[in-house]
Amino acid sequence: MVVPRHELLTNQQDTGGSVDIGCGNEFGGGGDDLDDGAESQLPTTLPSSLPQTRHQRKTDKMIIYKCRFTNDEMLSDAFKPVPVKGDDGEEVVGLIRIESQKVNKDTGGSVDIGCGNEFGGGGDDLDDGAELVNNVVDETIGFDLHEIPMSKKDVKEYLQAYCKQVRQKLKDDDKVPGPEVKAFTQSAPGFCKWILSKYNDMQFFTSSSMDPDGSMAFGFYEGINPSFVFIKMGMYEEKC
């Protein structure tokens with residue numbers, strides 16, 4: 001029997017220049033054109049612990065990050081989002097990152113794969129009939145993300161249109177101060193360059209409504225389970 005997700009509250013946890021993404025000076029363009037062979041700088045900072053379900057929390061209030069266009073849930077602070085950093089330790093401004101893991105869909109518990117505490121054991125013993133799911137992607141345990149195929153051209157065109165839409169959305173929102181809109185505009189070329197430079201290593205996910213114009217999650221592997229990157233200002237925070 002699958003435990004409803006709202007009951008799973010306590011089970012866990014090269015040049016340096018900017019890139020012209022096709023918006024010209026609108027996003028601080030005039031920087032470097034993206035070289036397909038540009039050196040990739042993968043983030044290196046990992047959180048010390050991971051949640052098993054999206055609704056794990058240690059406090060009375062939890063922050064849910066929702067897409068500004070679809071209002072779909074994308075992630076929560078239970079996953080301890082951190083800034084994205086390159087190998088040189090410099091932050092890729094405008095992006096945040098979370099880690100994921102496999103969990104038992106029926107219980108929401110992390111799975112003991114037989115390595116004990118070597119991998120932070122102490123989770124559920126693996127039942128032969130247990131269904132293992134990713135705790136970010138799954139529709140019940142996670143956020144119901146949907147992987148879609150995208151060419152590099154598709155990604156570039158998406159980022160170009162999406163950043164324009166986000167900037168306008170921020171400008172129209174009285175709750176967002178002008179300096180934050182300006183900061184997003186200035187950061188967009190840098191984080192778009194980073195995403196495009198990781199194209200060969202990435203998977204692309206829409207939110208639950210599968211709106212191709214909405215916010216996306218960008219997944220990549222550094223270990224057994226994928227990490228997920230999000231454009232922070234493309235989401236708003238809601239306490240629940």
# chains A, B, ... in the order shown; residues from 1 in each chain; ligands from 1
>>> select_by_dssp(residues="stretch 140-227 of chain A", states="strand (DSSP E or B)", output="number ranges by chain")
A: 146-148, 202-206, 216-221, 226-227
>>> atom_distance(atom1="atom CA of A:Phe220", atom2="atom CA of A:Gln203")
6.3 Å
>>> closest_residue(among="A:Pro226, A:Lys232, A:Met74, A:Pro149", to="A:Ala183", atoms="only C-alpha atoms")
A:Lys232
>>> atom_distance(atom1="atom CA of A:Ile96", atom2="atom CA of A:Phe69")
18.4 Å
>>> atom_distance(atom1="atom CA of A:Asp211", atom2="atom CA of A:Val155")
14.5 Å
>>> closest_residue(among="A:Met216, A:Val176, A:Cys163, A:Leu196", to="A:Tyr236", atoms="only C-alpha atoms")
A:Val176
>>> select_by_dssp(residues="stretch 65-228 of chain A", states="alpha helix (DSSP H)", output="count of residues only")
41
>>> closest_residue(among="A:Asn71, A:Asn104, A:Phe228, A:Gly94", to="A:Gln186", atoms="only C-alpha atoms")
A:Gly94
>>> residues_around(residues="stretch 127-136 of chain A", least_positions_apart="5", cutoff="7 Å", atoms="only C-alpha atoms", output="list in words")
Gln52, Thr53, Ser100, Gln101, Lys102, Val103, Asn104, Lys105, Ile141, Gly142 and Phe143 of chain A
>>> decode(residues="stretch 139-150 of chain A", atoms="N, CA, C and O atoms", output="compact mmCIF listing (two decimals), in the first residue's frame")
# COMPACT_ATOMS: atom_id res chain seq x y z
N GLU A 139 6.20 10.75 -8.44
CA GLU A 139 4.96 11.52 -8.33
C GLU A 139 4.35 11.48 -6.94
O GLU A 139 3.54 12.34 -6.57
N THR A 140 4.69 10.48 -6.12
CA THR A 140 4.11 10.35 -4.78
C THR A 140 5.08 10.82 -3.71
O THR A 140 4.74 11.64 -2.86
N ILE A 141 6.28 10.29 -3.76
CA ILE A 141 7.30 10.64 -2.76
C ILE A 141 7.93 11.99 -3.06
O ILE A 141 8.26 12.76 -2.16
N GLY A 142 8.11 12.28 -4.34
CA GLY A 142 8.81 13.51 -4.74
C GLY A 142 7.89 14.56 -5.31
O GLY A 142 6.80 14.80 -4.80
N PHE A 143 8.32 15.17 -6.43
CA PHE A 143 7.63 16.34 -6.97
C PHE A 143 7.03 16.11 -8.35
O PHE A 143 6.67 17.06 -9.02
N ASP A 144 6.92 14.85 -8.74
CA ASP A 144 6.27 14.50 -10.01
C ASP A 144 6.92 15.22 -11.18
O ASP A 144 6.27 15.88 -11.98
N LEU A 145 8.25 15.07 -11.29
CA LEU A 145 9.00 15.66 -12.39
C LEU A 145 9.00 14.71 -13.58
O LEU A 145 8.96 13.49 -13.42
N HIS A 146 9.04 15.29 -14.79
CA HIS A 146 8.95 14.48 -16.01
C HIS A 146 10.13 14.77 -16.92
O HIS A 146 10.32 15.91 -17.37
N GLU A 147 10.92 13.73 -17.21
CA GLU A 147 12.07 13.92 -18.08
C GLU A 147 11.62 14.09 -19.53
O GLU A 147 10.72 13.39 -20.01
N ILE A 148 12.23 15.03 -20.22
CA ILE A 148 11.92 15.28 -21.63
C ILE A 148 13.22 15.35 -22.42
O ILE A 148 14.25 15.80 -21.90
N PRO A 149 13.20 14.90 -23.67
CA PRO A 149 14.40 15.01 -24.51
C PRO A 149 14.56 16.45 -25.01
O PRO A 149 13.59 17.08 -25.41
N MET A 150 15.78 16.95 -24.99
CA MET A 150 16.06 18.30 -25.48
C MET A 150 17.42 18.32 -26.17
O MET A 150 18.40 17.82 -25.60
